[in-house]
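Data from protein_29.cif: mmCIF, C-alpha atoms
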data_start
#
loop_
_atom_site.group_PDB
_atom_site.id
_atom_site.type_symbol
_atom_site.label_atom_id
_atom_site.label_comp_id
_atom_site.auth_asym_id
_atom_site.auth_seq_id
_atom_site.Cartn_x
_atom_site.Cartn_y
_atom_site.Cartn_z
ATOM 1 C CA MET R 9 -1.495 32.682 13.106
ATOM 2 C CA LEU R 10 0.299 30.094 10.983
ATOM 3 C CA VAL R 11 3.090 31.556 8.863
ATOM 4 C CA SER R 12 4.904 29.727 6.078
ATOM 5 C CA TYR R 13 8.665 30.266 6.244
ATOM 6 C CA LYS R 14 8.954 29.840 2.468
ATOM 7 C CA LEU R 15 6.275 32.453 1.836
ATOM 8 C CA LEU R 16 7.843 34.819 4.369
ATOM 9 C CA SER R 17 11.206 34.459 2.605
ATOM 10 C CA GLU R 18 9.589 35.552 -0.668
ATOM 11 C CA TYR R 19 8.776 38.931 0.881
ATOM 12 C CA VAL R 20 11.555 39.504 3.407
ATOM 13 C CA ASP R 21 15.304 39.071 2.946
ATOM 14 C CA LEU R 22 16.083 36.288 5.421
ATOM 15 C CA LYS R 23 19.567 35.553 4.116
ATOM 16 C CA ASP R 24 21.991 34.361 6.824
ATOM 17 C CA LEU R 25 19.204 34.112 9.422
ATOM 18 C CA SER R 26 18.090 30.800 10.891
ATOM 19 C CA ILE R 27 14.482 30.177 11.848
ATOM 20 C CA GLU R 28 15.639 30.208 15.488
ATOM 21 C CA ASP R 29 17.136 33.690 15.005
ATOM 22 C CA ILE R 30 13.914 34.954 13.448
ATOM 23 C CA CYS R 31 11.741 33.518 16.233
ATOM 24 C CA ASP R 32 14.000 34.925 18.949
ATOM 25 C CA LYS R 33 13.795 38.423 17.460
ATOM 26 C CA LEU R 34 10.020 38.180 17.035
ATOM 27 C CA SER R 35 9.676 37.089 20.667
ATOM 28 C CA LEU R 36 11.740 40.048 21.858
ATOM 29 C CA ALA R 37 9.472 42.332 19.827
ATOM 30 C CA GLY R 38 6.371 41.030 21.605
ATOM 31 C CA PHE R 39 5.145 38.279 19.285
ATOM 32 C CA GLU R 40 4.721 35.008 21.137
ATOM 33 C CA ILE R 41 5.944 31.974 19.212
ATOM 34 C CA GLU R 42 3.620 29.058 19.963
ATOM 35 C CA GLY R 43 5.659 26.555 17.992
ATOM 36 C CA VAL R 44 7.765 25.786 14.940
ATOM 37 C CA HIS R 45 6.822 22.717 12.932
ATOM 38 C CA PRO R 46 8.200 21.164 9.751
ATOM 39 C CA MET R 47 5.381 20.757 7.240
ATOM 40 C CA SER R 48 6.784 17.338 6.336
ATOM 41 C CA SER R 49 9.856 15.242 7.033
ATOM 42 C CA GLY R 50 11.723 12.290 5.635
ATOM 43 C CA SER R 51 15.087 11.437 4.116
ATOM 44 C CA ASN R 52 16.216 9.191 1.259
ATOM 45 C CA LEU R 53 12.940 9.638 -0.634
ATOM 46 C CA VAL R 54 12.386 9.411 -4.380
ATOM 47 C CA ILE R 55 9.501 9.540 -6.848
ATOM 48 C CA GLY R 56 8.668 6.115 -8.247
ATOM 49 C CA GLU R 57 6.166 4.430 -10.535
ATOM 50 C CA VAL R 58 4.353 1.191 -9.770
ATOM 51 C CA LEU R 59 4.975 -1.041 -12.812
ATOM 52 C CA GLU R 60 3.294 -4.130 -11.394
ATOM 53 C CA CYS R 61 0.956 -4.763 -8.469
ATOM 54 C CA ILE R 62 -0.227 -8.233 -7.501
ATOM 55 C CA ASP R 63 -1.868 -9.670 -4.419
ATOM 56 C CA HIS R 64 0.401 -11.070 -1.714
ATOM 57 C CA PRO R 65 -0.108 -14.874 -1.548
ATOM 58 C CA ASN R 66 0.019 -14.881 2.258
ATOM 59 C CA SER R 67 -2.220 -11.893 2.978
ATOM 60 C CA ASP R 68 -5.720 -10.674 2.214
ATOM 61 C CA HIS R 69 -4.690 -7.012 2.043
ATOM 62 C CA LEU R 70 -1.001 -6.754 1.099
ATOM 63 C CA HIS R 71 0.310 -6.201 -2.434
ATOM 64 C CA ILE R 72 3.637 -7.071 -4.040
ATOM 65 C CA THR R 73 4.807 -4.301 -6.344
ATOM 66 C CA LYS R 74 7.553 -3.811 -8.868
ATOM 67 C CA THR R 75 8.318 -0.101 -8.506
ATOM 68 C CA SER R 76 10.675 1.839 -10.765
ATOM 69 C CA ILE R 77 12.772 4.615 -9.229
ATOM 70 C CA GLY R 78 14.436 5.438 -12.536
ATOM 71 C CA SER R 79 17.827 3.865 -11.911
ATOM 72 C CA GLU R 80 16.393 0.484 -10.908
ATOM 73 C CA THR R 81 13.210 -1.415 -10.197
ATOM 74 C CA LEU R 82 12.516 -2.505 -6.630
ATOM 75 C CA GLN R 83 10.225 -5.126 -5.185
ATOM 76 C CA ILE R 84 8.221 -3.449 -2.427
ATOM 77 C CA VAL R 85 5.377 -4.895 -0.380
ATOM 78 C CA CYS R 86 2.583 -2.384 0.261
ATOM 79 C CA GLY R 87 -0.610 -2.609 2.278
ATOM 80 C CA ALA R 88 -2.360 0.523 0.987
ATOM 81 C CA PRO R 89 -5.794 -0.155 -0.535
ATOM 82 C CA ASN R 90 -5.174 2.302 -3.394
ATOM 83 C CA CYS R 91 -1.899 0.732 -4.532
ATOM 84 C CA ARG R 92 -2.132 -0.162 -8.228
ATOM 85 C CA LYS R 93 -0.210 -0.433 -11.467
ATOM 86 C CA GLY R 94 0.649 2.887 -13.137
ATOM 87 C CA LEU R 95 0.583 4.970 -9.952
ATOM 88 C CA LYS R 96 3.288 7.583 -9.358
ATOM 89 C CA VAL R 97 4.290 7.359 -5.698
ATOM 90 C CA ILE R 98 6.719 8.516 -3.015
ATOM 91 C CA VAL R 99 9.224 5.770 -2.252
ATOM 92 C CA ALA R 100 11.209 5.609 0.978
ATOM 93 C CA LEU R 101 14.382 3.723 0.119
ATOM 94 C CA PRO R 102 16.278 1.474 2.552
ATOM 95 C CA GLY R 103 17.988 3.745 5.075
ATOM 96 C CA ALA R 104 15.239 6.371 4.885
ATOM 97 C CA ASN R 105 14.409 8.109 8.157
ATOM 98 C CA LEU R 106 10.701 8.817 8.746
ATOM 99 C CA PRO R 107 10.581 10.911 11.951
ATOM 100 C CA ALA R 108 6.780 11.090 11.958
ATOM 101 C CA LYS R 109 6.655 7.303 12.328
ATOM 102 C CA GLY R 110 9.851 7.011 14.342
ATOM 103 C CA ILE R 111 11.279 4.395 11.995
ATOM 104 C CA ILE R 112 14.234 3.754 9.709
ATOM 105 C CA ILE R 113 13.309 1.861 6.549
ATOM 106 C CA SER R 114 15.320 -1.294 5.917
ATOM 107 C CA LYS R 115 15.287 -4.229 3.541
ATOM 108 C CA GLY R 116 13.409 -7.186 4.884
ATOM 109 C CA GLU R 117 10.696 -9.759 4.408
ATOM 110 C CA ILE R 118 6.988 -9.228 4.916
ATOM 111 C CA ARG R 119 5.139 -12.525 5.311
ATOM 112 C CA GLY R 120 7.862 -14.357 3.450
ATOM 113 C CA VAL R 121 8.236 -11.891 0.559
ATOM 114 C CA GLU R 122 11.258 -9.621 0.126
ATOM 115 C CA SER R 123 10.560 -5.890 0.384
ATOM 116 C CA ASN R 124 13.090 -3.167 -0.455
ATOM 117 C CA GLY R 125 11.505 0.043 0.739
ATOM 118 C CA MET R 126 8.142 1.589 1.455
ATOM 119 C CA LEU R 127 5.472 3.389 -0.559
ATOM 120 C CA CYS R 128 4.461 6.382 1.545
ATOM 121 C CA SER R 129 1.388 8.303 2.531
ATOM 122 C CA LEU R 130 1.709 11.968 3.439
ATOM 123 C CA LEU R 131 0.685 11.126 7.002
ATOM 124 C CA GLU R 132 3.743 8.882 7.253
ATOM 125 C CA LEU R 133 5.826 11.850 6.091
ATOM 126 C CA GLY R 134 4.570 14.084 8.889
ATOM 127 C CA VAL R 135 1.982 16.143 7.014
ATOM 128 C CA SER R 136 -0.861 17.224 9.303
ATOM 129 C CA GLU R 137 -4.052 15.275 8.778
ATOM 130 C CA ASP R 138 -5.922 18.589 9.066
ATOM 131 C CA ILE R 139 -4.970 19.439 5.476
ATOM 132 C CA LEU R 140 -5.399 15.955 4.010
ATOM 133 C CA THR R 141 -8.426 14.372 2.385
ATOM 134 C CA ASP R 142 -9.845 11.085 3.646
ATOM 135 C CA ALA R 143 -8.299 9.346 0.645
ATOM 136 C CA GLN R 144 -4.871 10.771 1.495
ATOM 137 C CA LYS R 145 -5.228 9.696 5.121
ATOM 138 C CA ASN R 146 -6.139 6.134 4.188
ATOM 139 C CA GLY R 147 -3.720 5.383 1.372
ATOM 140 C CA ILE R 148 -0.375 6.121 -0.224
ATOM 141 C CA GLU R 149 -0.018 9.518 -1.893
ATOM 142 C CA GLU R 150 -1.017 9.508 -5.554
ATOM 143 C CA LEU R 151 1.227 11.879 -7.501
ATOM 144 C CA ASP R 152 0.174 13.397 -10.804
ATOM 145 C CA ALA R 153 1.015 11.562 -14.013
ATOM 146 C CA SER R 154 3.734 14.083 -14.901
ATOM 147 C CA ALA R 155 5.730 13.468 -11.692
ATOM 148 C CA PRO R 156 9.347 12.728 -12.717
ATOM 149 C CA VAL R 157 10.379 9.188 -11.807
ATOM 150 C CA GLY R 158 13.739 9.200 -10.043
ATOM 151 C CA TYR R 159 13.422 12.751 -8.707
ATOM 152 C CA ASN R 160 14.960 12.708 -5.229
ATOM 153 C CA ASP R 161 13.038 15.577 -3.636
ATOM 154 C CA PRO R 162 9.371 14.533 -3.711
ATOM 155 C CA LEU R 163 8.492 16.772 -0.747
ATOM 156 C CA GLY R 164 9.906 19.759 -2.618
ATOM 157 C CA TYR R 165 8.032 18.645 -5.731
ATOM 158 C CA LEU R 166 4.814 18.851 -3.700
ATOM 159 C CA ASN R 167 5.846 22.171 -2.078
ATOM 160 C CA LEU R 168 5.812 20.484 1.318
ATOM 161 C CA ASP R 169 9.463 21.281 2.129
ATOM 162 C CA ASP R 170 8.434 24.119 4.397
ATOM 163 C CA THR R 171 8.425 25.095 8.065
ATOM 164 C CA ILE R 172 5.350 26.565 9.733
ATOM 165 C CA ILE R 173 5.800 29.203 12.439
ATOM 166 C CA ASP R 174 2.845 29.482 14.818
ATOM 167 C CA VAL R 175 2.714 33.111 15.954
ATOM 168 C CA SER R 176 0.304 34.416 18.595
ATOM 169 C CA ILE R 177 -0.972 37.898 17.698
ATOM 170 C CA THR R 178 -2.012 39.951 20.730
ATOM 171 C CA PRO R 179 -5.326 41.899 20.622
ATOM 172 C CA ASN R 180 -3.534 45.247 20.387
ATOM 173 C CA ARG R 181 -1.751 44.156 17.184
ATOM 174 C CA SER R 182 -4.721 43.344 14.972
ATOM 175 C CA ASP R 183 -2.889 45.217 12.202
ATOM 176 C CA ALA R 184 -0.498 42.255 12.010
ATOM 177 C CA LEU R 185 -3.236 39.718 11.305
ATOM 178 C CA GLY R 186 -2.919 40.371 7.570
ATOM 179 C CA LEU R 187 0.007 38.354 6.256
ATOM 180 C CA TYR R 188 1.517 41.126 4.150
ATOM 181 C CA HIS R 189 1.329 43.593 7.046
ATOM 182 C CA PHE R 190 2.905 40.957 9.273
ATOM 183 C CA PHE R 191 5.695 40.458 6.717
ATOM 184 C CA LYS R 192 6.421 44.193 6.750
ATOM 185 C CA GLU R 193 6.528 44.098 10.553
ATOM 186 C CA VAL R 194 8.985 41.198 10.432
ATOM 187 C CA ALA R 195 11.182 43.141 7.991
ATOM 188 C CA ALA R 196 11.238 46.099 10.384
ATOM 189 C CA ILE R 197 12.049 43.898 13.388
ATOM 190 C CA LEU R 198 14.858 42.170 11.530
ATOM 191 C CA ASP R 199 16.051 45.404 9.925
ATOM 192 C CA ARG R 200 15.760 43.734 6.525
ATOM 193 C CA LYS R 201 14.349 44.839 3.206
ATOM 194 C CA VAL R 202 10.926 43.923 1.912
ATOM 195 C CA ILE R 203 11.888 42.261 -1.371
ATOM 196 C CA ASN R 204 8.482 41.706 -2.910
ATOM 197 C CA ASN R 205 6.087 44.620 -2.569
ATOM 198 C CA LEU R 206 2.411 44.197 -3.325
ATOM 199 C CA ASP R 207 0.824 46.882 -5.461
ATOM 200 C CA PHE R 208 -2.901 47.196 -5.035
ATOM 201 C CA ASP R 209 -4.825 48.473 -8.028
ATOM 202 C CA VAL R 210 -7.990 49.962 -6.568
ATOM 203 C CA LYS R 211 -10.635 50.386 -9.223
ATOM 204 C CA ARG R 212 -13.128 53.147 -8.580
#

What does this structure look like when you write it as structure tokens?
Amino acid sequence: MLVSYKLLSEYVDLKDLSIEDICDKLSLAGFEIEGVHPMSSGSNLVIGEVLECIDHPNSDHLHITKTSIGSETLQIVCGAPNCRKGLKVIVALPGANLPAKGIIISKGEIRGVESNGMLCSLLELGVSEDILTDAQKNGIEELDASAPVGYNDPLGYLNLDDTIIDVSITPNRSDALGLYHFFKEVAAILDRKVINNLDFDVKR
């Protein structure tokens, strides 16, 4: 069962507990932890807006963009087929670490044209392709028109700043397959309060 740490923290007081502490206590209580995975990853990211997008003179698929990040406008070369003027995007600035790709973004030249960052897809930011559309897999992420240019936590803006805990539920604990029942079990194991009770209104 895949459990969102952020959702769990809405129902159980996890203050002063690391994810490692939580997993250790769950393991001791008989729940096998299959893995712990960040939902996304990346540093030195910001929301930007493509102000200009022209074809690269030395390529049949690259684009040269002028992309605003609020405080300044950067020239960034991008190869995504959906790159276009007016798009709100996730920009990895020089110095950004993208663990999913194993790269550090730096200033440089791409086919003779200066590039000062990278326009990102969610795949490049470590989001599982299992939850992405074909369009998201094949191009840069298209943010909604209201996305605030210059905002420096685009993964939080998209609610992707989460950690997923993969918990194996044994056959004798089918009661824990419901998330809310699992949350109550976690609270008991951790000796913590349930901070967000669900009230069920059963209509007869």

Subject >> Exercise: Val135 (chain R) partners within 10 Å, only C-alpha atoms, chain neighbours under 3 positions left out, as a ChimeraX atom specification >> reply: /R:46-49,108,129-132,138-140,145,168

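Taking CA of Ser79 (chain R) and CA of Ala155 (chain R) as endpoints, the distance between them is 15.4 Å.
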
**OP:** Mind giving me the straight-line distance from CA of Leu95 (chain R) to CA of Asn66 (chain R) in Å, one decimal?
**Re:** 23.3 Å

Subject >> Among listed residues R:Ile77, R:Leu187, R:Glu150, R:Ile55, nearest Tyr165 (chain R) (using only C-alpha atoms) >> reply: R:Ile55

Original post:
Got a sec: who's within 12 Å of Ser12 (chain R), counting all atoms listed in the file, leaving out chain neighbours fewer than 6 positions off, as a PyMOL selection string?
Top reply: chain R and resi 18-19+27+44-47+167-175+187+190-191

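In this model, the gap between CA of His69 (chain R) and CA of Ile84 (chain R) comes to 14.1 Å.
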
Original post:
Quick one: which residues end up in the PyMOL selection byres ((chain R and resi 59) around 12) for this structure, as JSON, numbers by chain?
Top reply: {"R": [56, 57, 58, 60, 61, 62, 72, 73, 74, 75, 76, 77, 78, 80, 81, 82, 83, 84, 91, 92, 93, 94, 95, 96, 97, 157]}

Subject >> Contact residues around His64 (chain R) with only C-alpha atoms at 9 Å, ignoring same-chain residues under 6 positions, as a PyMOL selection string >> reply: chain R and resi 70-72+85+119+121

Please produce a file of those selected residues containing C-alpha atoms, as a PDB file, keeping the file's coordinate frame.
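As written to disk, out_24.pdb reads:
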ATOM      1  CA  LEU R  70      -1.001  -6.754   1.099  1.00  0.00           C
ATOM      2  CA  HIS R  71       0.310  -6.201  -2.434  1.00  0.00           C
ATOM      3  CA  ILE R  72       3.637  -7.071  -4.040  1.00  0.00           C
ATOM      4  CA  VAL R  85       5.377  -4.895  -0.380  1.00  0.00           C
ATOM      5  CA  ARG R 119       5.139 -12.525   5.311  1.00  0.00           C
ATOM      6  CA  VAL R 121       8.236 -11.891   0.559  1.00  0.00           C
TER       7      VAL R 121
END

Show me, as a tab-separated table, the residues of region 113-198 of chain R having an atom within 10 Å of region 36-40 of chain R, each with the closest atom pair and its distance in Å, using all atoms listed in the file.
residue	atom	partner	partner_atom	distance
R:Asp174	CA	R:Glu40	CA	8.6
R:Val175	CA	R:Glu40	CA	5.9
R:Ser176	CA	R:Glu40	CA	5.1
R:Ile177	CA	R:Phe39	CA	6.3
R:Thr178	CA	R:Phe39	CA	7.5
R:Arg181	CA	R:Phe39	CA	9.3
R:Glu193	CA	R:Ala37	CA	9.9
R:Val194	CA	R:Ala37	CA	9.5
R:Ile197	CA	R:Ala37	CA	7.1
R:Leu198	CA	R:Ala37	CA	9.9

Original post:
Residues at most 8 Å from Asp21 (chain R), counting only C-alpha atoms, excluding those fewer than 6 positions away in the same chain, as a ChimeraX atom specification?
Top reply: /R:195,200-203

Original post:
So what does the PyMOL selection byres ((chain R and resi 125) around 8) actually pick up in this one, as a PyMOL selection string?
Top reply: chain R and resi 82-85+99-102+113-115+123-124+126-127
